[in-house]
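File shown: upload00.txt. Contents: compact mmCIF, C-alpha atoms and all ligand atoms.
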# COMPACT_ATOMS: atom_id res chain seq x y z
CA MET Y 17 6.76 48.43 -1.40
CA SER Y 18 3.22 49.73 -0.89
CA ILE Y 19 2.46 47.31 1.95
CA THR Y 20 3.83 48.16 5.38
CA PRO Y 21 3.54 46.11 8.57
CA THR Y 22 2.32 48.07 11.59
CA ILE Y 23 4.48 45.84 13.83
CA PRO Y 24 8.14 44.78 13.66
CA LEU Y 25 8.61 41.40 11.99
CA ASP Y 26 12.05 40.73 13.45
CA ALA Y 27 11.65 41.81 17.09
CA GLN Y 28 11.41 39.56 20.13
CA GLY Y 29 8.16 39.18 22.06
CA VAL Y 30 4.53 39.28 20.94
CA HIS Y 31 3.26 41.81 18.44
CA HIS Y 32 -0.28 42.01 17.07
CA GLY Y 33 -0.91 44.33 14.15
CA PHE Y 34 -1.65 44.54 10.48
CA LEU Y 35 -0.18 44.48 7.02
CA LYS Y 36 -1.45 47.82 5.73
CA LEU Y 37 -2.07 48.24 2.02
CA PRO Y 38 -3.33 51.62 0.75
CA HIS Y 39 -6.55 51.06 -1.17
CA SER Y 40 -8.05 54.23 -2.61
CA ARG Y 41 -11.68 53.70 -3.55
CA ASP Y 42 -15.10 55.34 -3.85
CA ASP Y 43 -16.10 54.94 -0.19
CA SER Y 44 -12.67 55.76 1.25
CA ALA Y 45 -10.37 57.92 -0.85
CA TRP Y 46 -7.35 57.32 1.40
CA GLY Y 47 -8.48 53.95 2.74
CA SER Y 48 -6.45 50.81 3.40
CA VAL Y 49 -6.78 47.06 3.36
CA MET Y 50 -5.73 45.83 6.83
CA VAL Y 51 -4.59 42.21 7.06
CA PRO Y 52 -4.24 41.03 10.69
CA ILE Y 53 -0.82 39.60 11.60
CA THR Y 54 0.76 38.34 14.81
CA VAL Y 55 4.47 37.70 15.26
CA ILE Y 56 5.71 35.80 18.33
CA ALA Y 57 9.46 35.43 18.72
CA ASN Y 58 11.88 34.18 21.35
CA GLY Y 59 15.58 33.66 20.79
CA ALA Y 60 17.32 32.16 17.81
CA GLY Y 61 15.52 29.32 16.06
CA PRO Y 62 13.42 28.39 13.07
CA THR Y 63 10.54 30.49 11.73
CA ALA Y 64 7.11 29.06 10.97
CA LEU Y 65 4.64 30.97 8.78
CA LEU Y 66 1.05 29.89 9.48
CA THR Y 67 -1.69 31.14 7.18
CA GLY Y 68 -5.47 30.82 6.99
CA ALA Y 69 -8.20 32.12 4.68
CA ASN Y 70 -6.04 32.11 1.57
CA HIS Y 71 -9.53 31.44 0.25
CA GLY Y 72 -11.92 33.68 2.17
CA ASP Y 73 -14.70 31.13 2.76
CA GLU Y 74 -12.56 28.52 4.55
CA TYR Y 75 -12.84 28.90 8.33
CA GLU Y 76 -11.11 26.02 10.13
CA GLY Y 77 -7.60 27.52 9.86
CA PRO Y 78 -8.67 31.04 10.84
CA ILE Y 79 -10.28 29.80 14.06
CA ALA Y 80 -7.31 27.67 15.10
CA LEU Y 81 -4.86 30.46 14.18
CA GLN Y 82 -6.86 33.14 16.04
CA GLU Y 83 -6.64 30.95 19.12
CA LEU Y 84 -2.90 30.43 18.64
CA ALA Y 85 -2.25 34.16 18.17
CA LEU Y 86 -4.16 34.87 21.38
CA ASN Y 87 -2.58 32.21 23.54
CA LEU Y 88 0.97 31.43 22.35
CA GLN Y 89 3.57 33.03 24.61
CA PRO Y 90 7.20 33.82 23.72
CA GLN Y 91 8.46 31.69 26.60
CA ASP Y 92 6.66 28.70 25.05
CA ILE Y 93 8.83 28.79 21.92
CA THR Y 94 12.33 28.92 20.50
CA GLY Y 95 12.36 30.81 17.20
CA ARG Y 96 9.48 32.65 15.63
CA VAL Y 97 5.88 32.09 14.60
CA ILE Y 98 4.28 34.44 12.05
CA ILE Y 99 0.49 34.08 12.03
CA LEU Y 100 -1.93 35.39 9.38
CA PRO Y 101 -5.32 33.90 10.29
CA MET Y 102 -7.12 35.88 7.56
CA MET Y 103 -4.40 36.20 4.92
CA ASN Y 104 -6.87 37.09 2.14
CA MET Y 105 -8.71 39.70 4.24
CA PRO Y 106 -10.79 41.23 1.42
CA ALA Y 107 -12.22 37.80 0.50
CA PHE Y 108 -12.59 36.73 4.12
CA SER Y 109 -14.52 39.91 5.03
CA ALA Y 110 -16.94 39.20 2.19
CA GLY Y 111 -17.27 35.47 2.94
CA LEU Y 112 -16.04 34.70 -0.56
CA ARG Y 113 -13.37 32.44 -2.03
CA CYS Y 114 -11.96 35.20 -4.23
CA SER Y 115 -11.35 38.88 -3.54
CA PRO Y 116 -14.34 41.12 -4.29
CA ILE Y 117 -11.89 43.98 -4.97
CA ASP Y 118 -10.19 42.53 -8.04
CA GLY Y 119 -11.94 39.18 -8.51
CA ALA Y 120 -8.64 37.38 -8.05
CA ASN Y 121 -8.14 33.95 -6.51
CA MET Y 122 -5.20 34.47 -4.13
CA ASN Y 123 -4.01 30.90 -4.57
CA ARG Y 124 -3.71 31.40 -8.31
CA SER Y 125 -1.95 34.80 -7.98
CA PHE Y 126 1.50 33.99 -6.56
CA PRO Y 127 4.21 35.22 -6.78
CA GLY Y 128 2.18 38.40 -7.25
CA ARG Y 129 3.29 41.83 -8.44
CA ALA Y 130 4.51 44.87 -6.52
CA ASP Y 131 2.64 47.09 -8.99
CA GLY Y 132 -0.39 44.82 -9.46
CA SER Y 133 -3.93 44.59 -8.09
CA VAL Y 134 -4.70 44.34 -4.37
CA THR Y 135 -4.46 40.53 -4.41
CA GLN Y 136 -1.27 40.60 -6.49
CA LYS Y 137 0.32 43.10 -4.08
CA LEU Y 138 -0.61 40.97 -1.06
CA CYS Y 139 0.85 37.88 -2.76
CA HIS Y 140 4.03 39.75 -3.65
CA TYR Y 141 4.49 40.94 -0.06
CA ILE Y 142 3.81 37.49 1.38
CA ALA Y 143 6.22 35.86 -1.09
CA THR Y 144 9.05 38.37 -0.72
CA GLU Y 145 8.78 39.42 2.93
CA LEU Y 146 7.16 36.53 4.81
CA VAL Y 147 7.93 33.29 2.96
CA THR Y 148 11.56 34.41 2.67
CA ARG Y 149 11.74 34.67 6.49
CA ALA Y 150 10.20 31.21 7.01
CA ASP Y 151 11.73 27.75 7.30
CA ILE Y 152 8.36 26.01 7.30
CA VAL Y 153 4.98 27.17 5.98
CA LEU Y 154 1.57 25.76 6.86
CA ASP Y 155 -1.30 27.06 4.69
CA PHE Y 156 -4.75 26.00 5.86
CA HIS Y 157 -7.42 25.16 3.33
CA ALA Y 158 -10.82 23.51 3.47
CA GLY Y 159 -13.65 23.08 1.01
CA GLY Y 160 -15.19 26.51 1.43
CA ARG Y 161 -18.81 26.97 0.44
CA THR Y 162 -18.80 24.66 -2.57
CA LEU Y 163 -16.67 21.65 -1.54
CA ASP Y 164 -16.41 19.23 1.37
CA PHE Y 165 -13.31 17.13 2.14
CA LEU Y 166 -12.21 14.29 4.34
CA PRO Y 167 -9.74 15.93 6.76
CA PHE Y 168 -6.23 15.63 5.38
CA ALA Y 169 -2.83 17.28 5.51
CA ALA Y 170 -1.03 17.25 2.18
CA ALA Y 171 2.39 17.52 0.62
CA HIS Y 172 3.43 17.43 -3.02
CA ILE Y 173 5.68 15.23 -5.11
CA LEU Y 174 8.74 17.43 -5.78
CA ASP Y 175 11.77 17.23 -8.05
CA ASP Y 176 14.04 17.83 -5.06
CA LYS Y 177 13.67 14.53 -3.19
CA ALA Y 178 15.30 15.79 0.02
CA GLN Y 179 12.80 18.66 0.10
CA GLU Y 180 9.95 16.28 -0.72
CA THR Y 181 10.98 14.03 2.18
CA ALA Y 182 11.04 17.01 4.53
CA CYS Y 183 7.58 18.13 3.36
CA MET Y 184 6.15 14.61 3.71
CA ALA Y 185 7.61 14.34 7.23
CA ALA Y 186 5.98 17.65 8.18
CA MET Y 187 2.67 16.46 6.71
CA GLN Y 188 2.90 13.26 8.78
CA ALA Y 189 3.77 15.32 11.88
CA PHE Y 190 0.58 17.37 11.44
CA ASN Y 191 -1.19 14.02 11.94
CA ALA Y 192 -4.57 14.68 10.36
CA PRO Y 193 -6.81 11.60 10.06
CA TYR Y 194 -5.66 11.38 6.42
CA ALA Y 195 -2.30 12.30 4.83
CA MET Y 196 -2.29 13.02 1.08
CA ARG Y 197 0.45 12.85 -1.53
CA MET Y 198 -1.25 15.57 -3.48
CA LEU Y 199 -1.64 16.10 -7.20
CA GLU Y 200 -2.89 19.58 -8.11
CA ILE Y 201 -5.35 20.20 -10.93
CA ASP Y 202 -3.18 23.21 -11.81
CA ASN Y 203 -0.32 24.32 -9.50
CA VAL Y 204 0.49 27.58 -11.33
CA GLY Y 205 0.18 30.60 -9.05
CA MET Y 206 -0.29 28.68 -5.82
CA LEU Y 207 1.36 29.69 -2.54
CA ASP Y 208 2.39 26.02 -2.38
CA THR Y 209 4.42 26.37 -5.57
CA GLU Y 210 6.02 29.64 -4.41
CA VAL Y 211 7.08 28.23 -1.04
CA GLU Y 212 8.39 25.01 -2.59
CA GLY Y 213 10.22 27.06 -5.22
CA GLN Y 214 12.01 28.93 -2.44
CA GLY Y 215 13.18 25.55 -1.11
CA LYS Y 216 11.12 25.69 2.09
CA VAL Y 217 9.11 22.99 3.85
CA PHE Y 218 5.44 23.29 2.93
CA VAL Y 219 2.32 21.64 4.31
CA THR Y 220 -1.25 22.37 3.33
CA THR Y 221 -4.59 20.93 4.46
CA GLU Y 222 -8.11 20.29 3.37
CA LEU Y 223 -10.22 20.08 6.53
CA GLY Y 224 -13.92 19.70 5.84
CA GLY Y 225 -15.67 22.67 4.32
CA ALA Y 226 -19.26 23.30 3.26
CA GLY Y 227 -18.87 26.95 4.23
CA THR Y 228 -18.69 26.37 7.98
CA THR Y 229 -16.74 24.47 10.63
CA THR Y 230 -17.30 21.55 12.96
CA PRO Y 231 -15.70 20.91 16.37
CA LYS Y 232 -13.94 17.89 14.87
CA MET Y 233 -12.34 19.83 12.02
CA VAL Y 234 -11.22 22.76 14.20
CA GLY Y 235 -9.79 20.23 16.66
CA ILE Y 236 -7.76 18.65 13.87
CA ALA Y 237 -6.44 22.09 12.89
CA ARG Y 238 -5.53 22.93 16.50
CA LYS Y 239 -3.76 19.61 17.07
CA GLY Y 240 -1.95 19.87 13.73
CA ILE Y 241 -0.49 23.29 14.56
CA HIS Y 242 0.72 22.02 17.93
CA ASN Y 243 2.30 18.93 16.39
CA LEU Y 244 3.89 20.83 13.50
CA LEU Y 245 5.48 23.45 15.78
CA ILE Y 246 6.99 20.62 17.85
CA HIS Y 247 8.20 18.94 14.64
CA ALA Y 248 9.80 22.23 13.53
CA GLY Y 249 11.69 22.51 16.82
CA ILE Y 250 9.86 25.71 17.79
CA LEU Y 251 7.62 24.29 20.52
CA THR Y 252 8.66 21.78 23.16
CA GLY Y 253 6.37 19.00 24.30
CA THR Y 254 4.98 15.74 23.06
CA PRO Y 255 3.01 15.54 19.82
CA VAL Y 256 -0.49 14.06 19.95
CA VAL Y 257 -0.38 11.12 17.56
CA GLU Y 258 -3.51 9.33 16.40
CA PRO Y 259 -4.08 6.87 13.53
CA SER Y 260 -3.62 8.48 10.10
CA GLN Y 261 -4.42 6.87 6.74
CA MET Y 262 -2.02 7.65 3.89
CA LEU Y 263 -3.72 8.54 0.60
CA ASP Y 264 -2.35 9.02 -2.90
CA MET Y 265 -3.61 10.77 -6.03
CA PRO Y 266 -1.76 8.90 -8.79
CA ASP Y 267 -3.21 10.76 -11.78
CA ASP Y 268 -6.13 12.73 -13.23
CA ASP Y 269 -8.43 9.69 -12.97
CA CYS Y 270 -8.90 10.72 -9.34
CA PHE Y 271 -11.06 13.65 -10.44
CA LEU Y 272 -14.65 13.53 -11.68
CA PHE Y 273 -16.31 16.55 -13.30
CA ALA Y 274 -19.89 17.22 -14.40
CA GLU Y 275 -20.49 17.11 -18.13
CA GLN Y 276 -24.01 18.42 -17.74
CA ALA Y 277 -25.85 20.74 -15.37
CA GLY Y 278 -28.57 19.52 -13.04
CA LEU Y 279 -29.70 18.32 -9.65
CA ILE Y 280 -27.01 16.11 -8.11
CA GLU Y 281 -27.79 12.98 -6.10
CA TYR Y 282 -24.70 11.52 -4.39
CA LEU Y 283 -24.85 7.74 -4.10
CA VAL Y 284 -21.83 7.44 -1.77
CA SER Y 285 -20.62 9.52 1.17
CA LEU Y 286 -17.23 10.97 2.07
CA GLY Y 287 -15.04 8.18 3.42
CA ASP Y 288 -16.88 5.42 1.55
CA ASP Y 289 -14.91 2.97 -0.56
CA VAL Y 290 -15.81 3.03 -4.26
CA ALA Y 291 -14.93 0.62 -7.05
CA ARG Y 292 -13.84 1.56 -10.57
CA GLY Y 293 -16.96 2.01 -12.69
CA GLN Y 294 -19.24 2.41 -9.67
CA PRO Y 295 -21.73 5.31 -9.91
CA VAL Y 296 -20.66 7.99 -7.43
CA ALA Y 297 -23.55 10.32 -8.23
CA ARG Y 298 -26.31 10.85 -10.71
CA ILE Y 299 -27.38 14.15 -12.17
CA TRP Y 300 -31.11 14.68 -12.63
CA PRO Y 301 -32.47 17.25 -15.06
CA ALA Y 302 -33.26 20.45 -13.16
CA ASP Y 303 -35.62 21.83 -15.78
CA ARG Y 304 -37.94 19.01 -16.99
CA THR Y 305 -39.51 15.69 -16.10
CA GLY Y 306 -39.47 12.39 -17.95
CA ILE Y 307 -35.69 12.29 -18.56
CA ALA Y 308 -33.47 9.71 -16.86
CA PRO Y 309 -30.55 10.95 -14.74
CA VAL Y 310 -26.97 10.67 -15.99
CA GLU Y 311 -24.61 8.61 -13.85
CA VAL Y 312 -21.13 9.85 -12.91
CA CYS Y 313 -18.90 6.81 -12.38
CA ALA Y 314 -15.57 6.41 -10.59
CA LYS Y 315 -12.61 6.09 -12.96
CA ARG Y 316 -10.60 4.23 -10.35
CA SER Y 317 -11.15 2.32 -7.12
CA GLY Y 318 -10.49 4.22 -3.91
CA ILE Y 319 -12.04 6.29 -1.16
CA LEU Y 320 -14.43 9.21 -1.73
CA THR Y 321 -12.26 12.08 -0.47
CA ALA Y 322 -14.03 15.23 -1.67
CA ARG Y 323 -17.40 16.23 -3.11
CA HIS Y 324 -19.40 19.18 -4.36
CA VAL Y 325 -21.68 20.75 -1.75
CA PRO Y 326 -24.52 22.70 -3.40
CA GLY Y 327 -27.47 20.59 -4.57
CA LEU Y 328 -27.22 21.91 -8.12
CA VAL Y 329 -24.23 21.45 -10.39
CA GLN Y 330 -23.20 23.39 -13.45
CA MET Y 331 -21.46 21.90 -16.44
CA GLY Y 332 -17.76 21.54 -15.64
CA ASP Y 333 -18.21 21.52 -11.86
CA PHE Y 334 -15.98 19.28 -9.79
CA ILE Y 335 -18.04 16.26 -8.63
CA SER Y 336 -15.66 14.17 -6.59
CA LEU Y 337 -12.14 13.13 -5.74
CA VAL Y 338 -11.43 9.41 -5.47
CA ALA Y 339 -8.06 8.94 -3.76
CA VAL Y 340 -6.21 5.67 -3.24
CA LYS Y 341 -5.39 4.25 0.18
CA VAL Y 342 -1.70 3.46 0.64
CA GLY Y 343 -0.61 0.83 3.16
ZN ZN E 401 -8.68 26.82 -0.34
Write the structure described by the file as structure tokens, please.
Ligand SMILES: [Zn+2]
Amino acid sequence: MSITPTIPLDAQGVHHGFLKLPHSRDDSAWGSVMVPITVIANGAGPTALLTGANHGDEYEGPIALQELALNLQPQDITGRVIILPMMNMPAFSAGLRCSPIDGANMNRSFPGRADGSVTQKLCHYIATELVTRADIVLDFHAGGRTLDFLPFAAAHILDDKAQETACMAAMQAFNAPYAMRMLEIDNVGMLDTEVEGQGKVFVTTELGGAGTTTPKMVGIARKGIHNLLIHAGILTGTPVVEPSQMLDMPDDDCFLFAEQAGLIEYLVSLGDDVARGQPVARIWPADRTGIAPVEVCAKRSGILTARHVPGLVQMGDFISLVAVKVG
């Protein structure tokens, strides 16, 4: 195992340190990648693994987890909380979604490889040393620089219905303004899939995005951690419960993609209701005048749940997610 923690993972108390991965390179022949980690433990109880910046340009989770790592005390809990606010440190340091070291997308690289690239080694360590210790895993995501989302916690449809029920209950406990039964475009290589494959309870989020944070989105992250740790039996206290709208993604008709490049004009905003066939956006030519824009129309009725952020789109870019309100 080339990654070593600089702190004990199984000791009582509070320990702040790093996962240290040797990374020999031009500017540092015997250098290391240092991924910050905090472990807080008190007595026998469940273990929660809380991760942020799986994608390096998503900041809501890292802020809420930095705060938790600073403030959570052993006497507050029963069990253990393992916190990685900046799990994909190389990408986070660069302000990028993917690692600049190997170009890899961490959330497409699980379960990783012990003898692989930097990202693969990190994934392998997380999968074999951290997920294995956990009963419940919360992995924060947001839209990053190129997407913006309504704030939701999400859980997946699973073959194991008892596990699915446990994941959905944890998602509801997080109590984001929206709760999503999530369909992935491609779930191969995701931390989600690894955690679920190990039979654990998994919750993820999409909380805003656009390459920055807002007080509202960080507040949702902070409240969700608190509620989830109570739900897991690690923290005592009363959860803060506010109205939450259940959403579903029944099939691929939820997704709209650009079939041409251009200048995108959104015609509806996040949270707006849209009808099947309604234009969600139109794409103007970015390189000439005198040509009409092309409309991108909803394939189903629902609520605009995610959108592209930059003003220009390339062919194949994700345009929007239209989810369906349940109940
Ligand atoms: Zn992400």
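For the pair atom CA of Gly159 of chain Y and atom CA of Gly33 of chain Y, the separation is 28.0 Å.
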With a cut-off of 6 Å, could you pull out the residues of chain Y touching ligand ZN 401 (chain E) and give me the nearest pair of atoms for each, distance in Å to one decimal, using only C-alpha atoms and all ligand atoms, ordered by chain and ascending number, as CSV?
residue,atom,partner,partner_atom,distance
Y:His71,CA,E:ZN401,ZN,4.7
Y:His157,CA,E:ZN401,ZN,4.2
Y:Ala158,CA,E:ZN401,ZN,5.5
Just C-alpha atoms for this one: save the residues we selected as a compact mmCIF listing (two decimals), keeping the file's coordinate frame.
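Final file, part_26.txt:
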# COMPACT_ATOMS: atom_id res chain seq x y z
CA HIS Y 71 -9.53 31.44 0.25
CA HIS Y 157 -7.42 25.16 3.33
CA ALA Y 158 -10.82 23.51 3.47
With a distance cut-off of 7 Å and all atoms listed in the file, select the neighbouring residues of segment 203-211 of chain Y, excluding the residue or stretch itself and same-chain residues fewer than 6 positions from it, and output the selection as an mmCIF file with C-alpha atoms, keeping the file's coordinate frame.
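That gives us selection_27.cif:
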data_model
loop_
_atom_site.group_PDB
_atom_site.id
_atom_site.type_symbol
_atom_site.label_atom_id
_atom_site.label_comp_id
_atom_site.auth_asym_id
_atom_site.auth_seq_id
_atom_site.Cartn_x
_atom_site.Cartn_y
_atom_site.Cartn_z
ATOM 1 C CA ASN Y 123 -4.010 30.900 -4.570
ATOM 2 C CA ARG Y 124 -3.710 31.400 -8.310
ATOM 3 C CA SER Y 125 -1.950 34.800 -7.980
ATOM 4 C CA PHE Y 126 1.500 33.990 -6.560
ATOM 5 C CA PRO Y 127 4.210 35.220 -6.780
ATOM 6 C CA VAL Y 147 7.930 33.290 2.960
ATOM 7 C CA PHE Y 218 5.440 23.290 2.930
#
Open item on the list: Using all atoms listed in the file, can you tell me which of Y:His32, Y:Lys216, Y:Arg304, Y:Arg197 comes closest to Ala339 of chain Y?
Closed with: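 Closest to Ala339 of chain Y of all the choices is Y:Arg197.
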Give me the residues near His324 of chain Y as an mmCIF file with C-alpha atoms, in the coordinates of the input, where near means some atom within 12 Å (using all atoms listed in the file) and where sequence neighbours in that chain fewer than 3 positions away do not count.
data_model
loop_
_atom_site.group_PDB
_atom_site.id
_atom_site.type_symbol
_atom_site.label_atom_id
_atom_site.label_comp_id
_atom_site.auth_asym_id
_atom_site.auth_seq_id
_atom_site.Cartn_x
_atom_site.Cartn_y
_atom_site.Cartn_z
ATOM 1 C CA GLY Y 159 -13.650 23.080 1.010
ATOM 2 C CA GLY Y 160 -15.190 26.510 1.430
ATOM 3 C CA ARG Y 161 -18.810 26.970 0.440
ATOM 4 C CA THR Y 162 -18.800 24.660 -2.570
ATOM 5 C CA LEU Y 163 -16.670 21.650 -1.540
ATOM 6 C CA ASP Y 164 -16.410 19.230 1.370
ATOM 7 C CA PHE Y 165 -13.310 17.130 2.140
ATOM 8 C CA GLY Y 224 -13.920 19.700 5.840
ATOM 9 C CA GLY Y 225 -15.670 22.670 4.320
ATOM 10 C CA ALA Y 226 -19.260 23.300 3.260
ATOM 11 C CA GLY Y 227 -18.870 26.950 4.230
ATOM 12 C CA PHE Y 271 -11.060 13.650 -10.440
ATOM 13 C CA LEU Y 272 -14.650 13.530 -11.680
ATOM 14 C CA PHE Y 273 -16.310 16.550 -13.300
ATOM 15 C CA ALA Y 274 -19.890 17.220 -14.400
ATOM 16 C CA LEU Y 279 -29.700 18.320 -9.650
ATOM 17 C CA ILE Y 280 -27.010 16.110 -8.110
ATOM 18 C CA GLU Y 281 -27.790 12.980 -6.100
ATOM 19 C CA TYR Y 282 -24.700 11.520 -4.390
ATOM 20 C CA SER Y 285 -20.620 9.520 1.170
ATOM 21 C CA LEU Y 286 -17.230 10.970 2.070
ATOM 22 C CA VAL Y 296 -20.660 7.990 -7.430
ATOM 23 C CA ALA Y 297 -23.550 10.320 -8.230
ATOM 24 C CA LEU Y 320 -14.430 9.210 -1.730
ATOM 25 C CA THR Y 321 -12.260 12.080 -0.470
ATOM 26 C CA GLY Y 327 -27.470 20.590 -4.570
ATOM 27 C CA LEU Y 328 -27.220 21.910 -8.120
ATOM 28 C CA VAL Y 329 -24.230 21.450 -10.390
ATOM 29 C CA GLN Y 330 -23.200 23.390 -13.450
ATOM 30 C CA GLY Y 332 -17.760 21.540 -15.640
ATOM 31 C CA ASP Y 333 -18.210 21.520 -11.860
ATOM 32 C CA PHE Y 334 -15.980 19.280 -9.790
ATOM 33 C CA ILE Y 335 -18.040 16.260 -8.630
ATOM 34 C CA SER Y 336 -15.660 14.170 -6.590
ATOM 35 C CA LEU Y 337 -12.140 13.130 -5.740
#
Closest atom pairs, segment 129-180 of chain Y residues within 10 Å of segment 34-45 of chain Y, all atoms listed in the file, as a tab-separated table:
residue	atom	partner	partner_atom	distance
Y:Ser133	CA	Y:His39	CA	9.8
Y:Val134	CA	Y:His39	CA	7.7
Y:Lys137	CA	Y:Leu37	CA	8.3
Y:Leu138	CA	Y:Leu37	CA	8.0
Y:Tyr141	CA	Y:Leu35	CA	9.2
Y:Ile142	CA	Y:Leu35	CA	9.8
Suppose we keep C-alpha atoms; can you now write the selection as a PDB file, keeping the file's coordinate frame?
ATOM      1  CA  SER Y 133      -3.930  44.590  -8.090  1.00  0.00           C
ATOM      2  CA  VAL Y 134      -4.700  44.340  -4.370  1.00  0.00           C
ATOM      3  CA  LYS Y 137       0.320  43.100  -4.080  1.00  0.00           C
ATOM      4  CA  LEU Y 138      -0.610  40.970  -1.060  1.00  0.00           C
ATOM      5  CA  TYR Y 141       4.490  40.940  -0.060  1.00  0.00           C
ATOM      6  CA  ILE Y 142       3.810  37.490   1.380  1.00  0.00           C
TER       7      ILE Y 142
END
TODO: Using all atoms listed in the file, collect all residues at a distance of at most 12 Å from (8.8, 14.1, 9.3) as written in the file, then present them as an MDAnalysis selection string.
DONE: chainID Y and resid 171 178:191 217:219 243:249
Output for the residues just chosen: C-alpha atoms as a PDB file, in the coordinates of the input:
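out.pdb, freshly written:
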ATOM      1  CA  ALA Y 171       2.390  17.520   0.620  1.00  0.00           C
ATOM      2  CA  ALA Y 178      15.300  15.790   0.020  1.00  0.00           C
ATOM      3  CA  GLN Y 179      12.800  18.660   0.100  1.00  0.00           C
ATOM      4  CA  GLU Y 180       9.950  16.280  -0.720  1.00  0.00           C
ATOM      5  CA  THR Y 181      10.980  14.030   2.180  1.00  0.00           C
ATOM      6  CA  ALA Y 182      11.040  17.010   4.530  1.00  0.00           C
ATOM      7  CA  CYS Y 183       7.580  18.130   3.360  1.00  0.00           C
ATOM      8  CA  MET Y 184       6.150  14.610   3.710  1.00  0.00           C
ATOM      9  CA  ALA Y 185       7.610  14.340   7.230  1.00  0.00           C
ATOM     10  CA  ALA Y 186       5.980  17.650   8.180  1.00  0.00           C
ATOM     11  CA  MET Y 187       2.670  16.460   6.710  1.00  0.00           C
ATOM     12  CA  GLN Y 188       2.900  13.260   8.780  1.00  0.00           C
ATOM     13  CA  ALA Y 189       3.770  15.320  11.880  1.00  0.00           C
ATOM     14  CA  PHE Y 190       0.580  17.370  11.440  1.00  0.00           C
ATOM     15  CA  ASN Y 191      -1.190  14.020  11.940  1.00  0.00           C
ATOM     16  CA  VAL Y 217       9.110  22.990   3.850  1.00  0.00           C
ATOM     17  CA  PHE Y 218       5.440  23.290   2.930  1.00  0.00           C
ATOM     18  CA  VAL Y 219       2.320  21.640   4.310  1.00  0.00           C
ATOM     19  CA  ASN Y 243       2.300  18.930  16.390  1.00  0.00           C
ATOM     20  CA  LEU Y 244       3.890  20.830  13.500  1.00  0.00           C
ATOM     21  CA  LEU Y 245       5.480  23.450  15.780  1.00  0.00           C
ATOM     22  CA  ILE Y 246       6.990  20.620  17.850  1.00  0.00           C
ATOM     23  CA  HIS Y 247       8.200  18.940  14.640  1.00  0.00           C
ATOM     24  CA  ALA Y 248       9.800  22.230  13.530  1.00  0.00           C
ATOM     25  CA  GLY Y 249      11.690  22.510  16.820  1.00  0.00           C
TER      26      GLY Y 249
END
Open item on the list: Here's a test: counting all atoms listed in the file, identify every protein, DNA and RNA residue with an atom at most 12 Å from (-13.5, 31.4, 1.1) in the file's coordinate frame, and state them as an MDAnalysis selection string.
Closed with: chainID Y and resid 68:78 102:116 120:123 156:163 225:228
For segment 172-176 of chain Y, what centre and edge lengths in Å (one decimal) does the axis-aligned box get once 3 Å is added on each side of all its listed atoms, as JSON?
{"center_x": 8.7, "center_y": 16.5, "center_z": -5.5, "size_x": 16.6, "size_y": 8.6, "size_z": 11.0}
Open item on the list: Between atom CA of Val340 of chain Y and atom CA of Ile173 of chain Y, what distance in Å does the model show, to one decimal?
Closed with: 15.4 Å
- [ ] Considering all atoms listed in the file, state which residue in the set Y:Ala169, Y:Ile19, Y:Val51, Y:Ala60 is at the smallest distance from Lys239 of chain Y.
- [x]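 The closest residue to Lys239 of chain Y is Y:Ala169.
Using all atoms listed in the file for every distance, the candidate list Y:Leu88, Y:Leu146, Y:Val338, Y:Met331 yields Y:Val338 as the residue closest to Pro295 of chain Y.
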Please output segment 326-335 of chain Y, rebuilt to include N, CA and C atoms, as a compact mmCIF listing (two decimals), in the frame of the given file.
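Now in result-v1.txt:
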# COMPACT_ATOMS: atom_id res chain seq x y z
N PRO Y 326 -23.18 22.25 -3.02
CA PRO Y 326 -24.52 22.70 -3.40
C PRO Y 326 -25.31 21.60 -4.13
N GLY Y 327 -26.61 21.63 -3.99
CA GLY Y 327 -27.47 20.59 -4.57
C GLY Y 327 -27.58 20.65 -6.08
N LEU Y 328 -27.22 21.78 -6.67
CA LEU Y 328 -27.22 21.91 -8.12
C LEU Y 328 -25.78 21.95 -8.61
N VAL Y 329 -25.55 21.35 -9.77
CA VAL Y 329 -24.23 21.45 -10.39
C VAL Y 329 -24.36 22.12 -11.75
N GLN Y 330 -23.30 22.83 -12.11
CA GLN Y 330 -23.20 23.39 -13.45
C GLN Y 330 -22.25 22.52 -14.27
N MET Y 331 -22.36 22.63 -15.56
CA MET Y 331 -21.46 21.90 -16.44
C MET Y 331 -20.01 22.29 -16.12
N GLY Y 332 -19.17 21.27 -15.96
CA GLY Y 332 -17.76 21.54 -15.64
C GLY Y 332 -17.44 21.55 -14.16
N ASP Y 333 -18.47 21.51 -13.30
CA ASP Y 333 -18.21 21.52 -11.86
C ASP Y 333 -17.47 20.25 -11.44
N PHE Y 334 -16.62 20.42 -10.44
CA PHE Y 334 -15.98 19.28 -9.79
C PHE Y 334 -17.07 18.47 -9.07
N ILE Y 335 -17.06 17.15 -9.27
CA ILE Y 335 -18.04 16.26 -8.63
C ILE Y 335 -17.42 15.51 -7.46
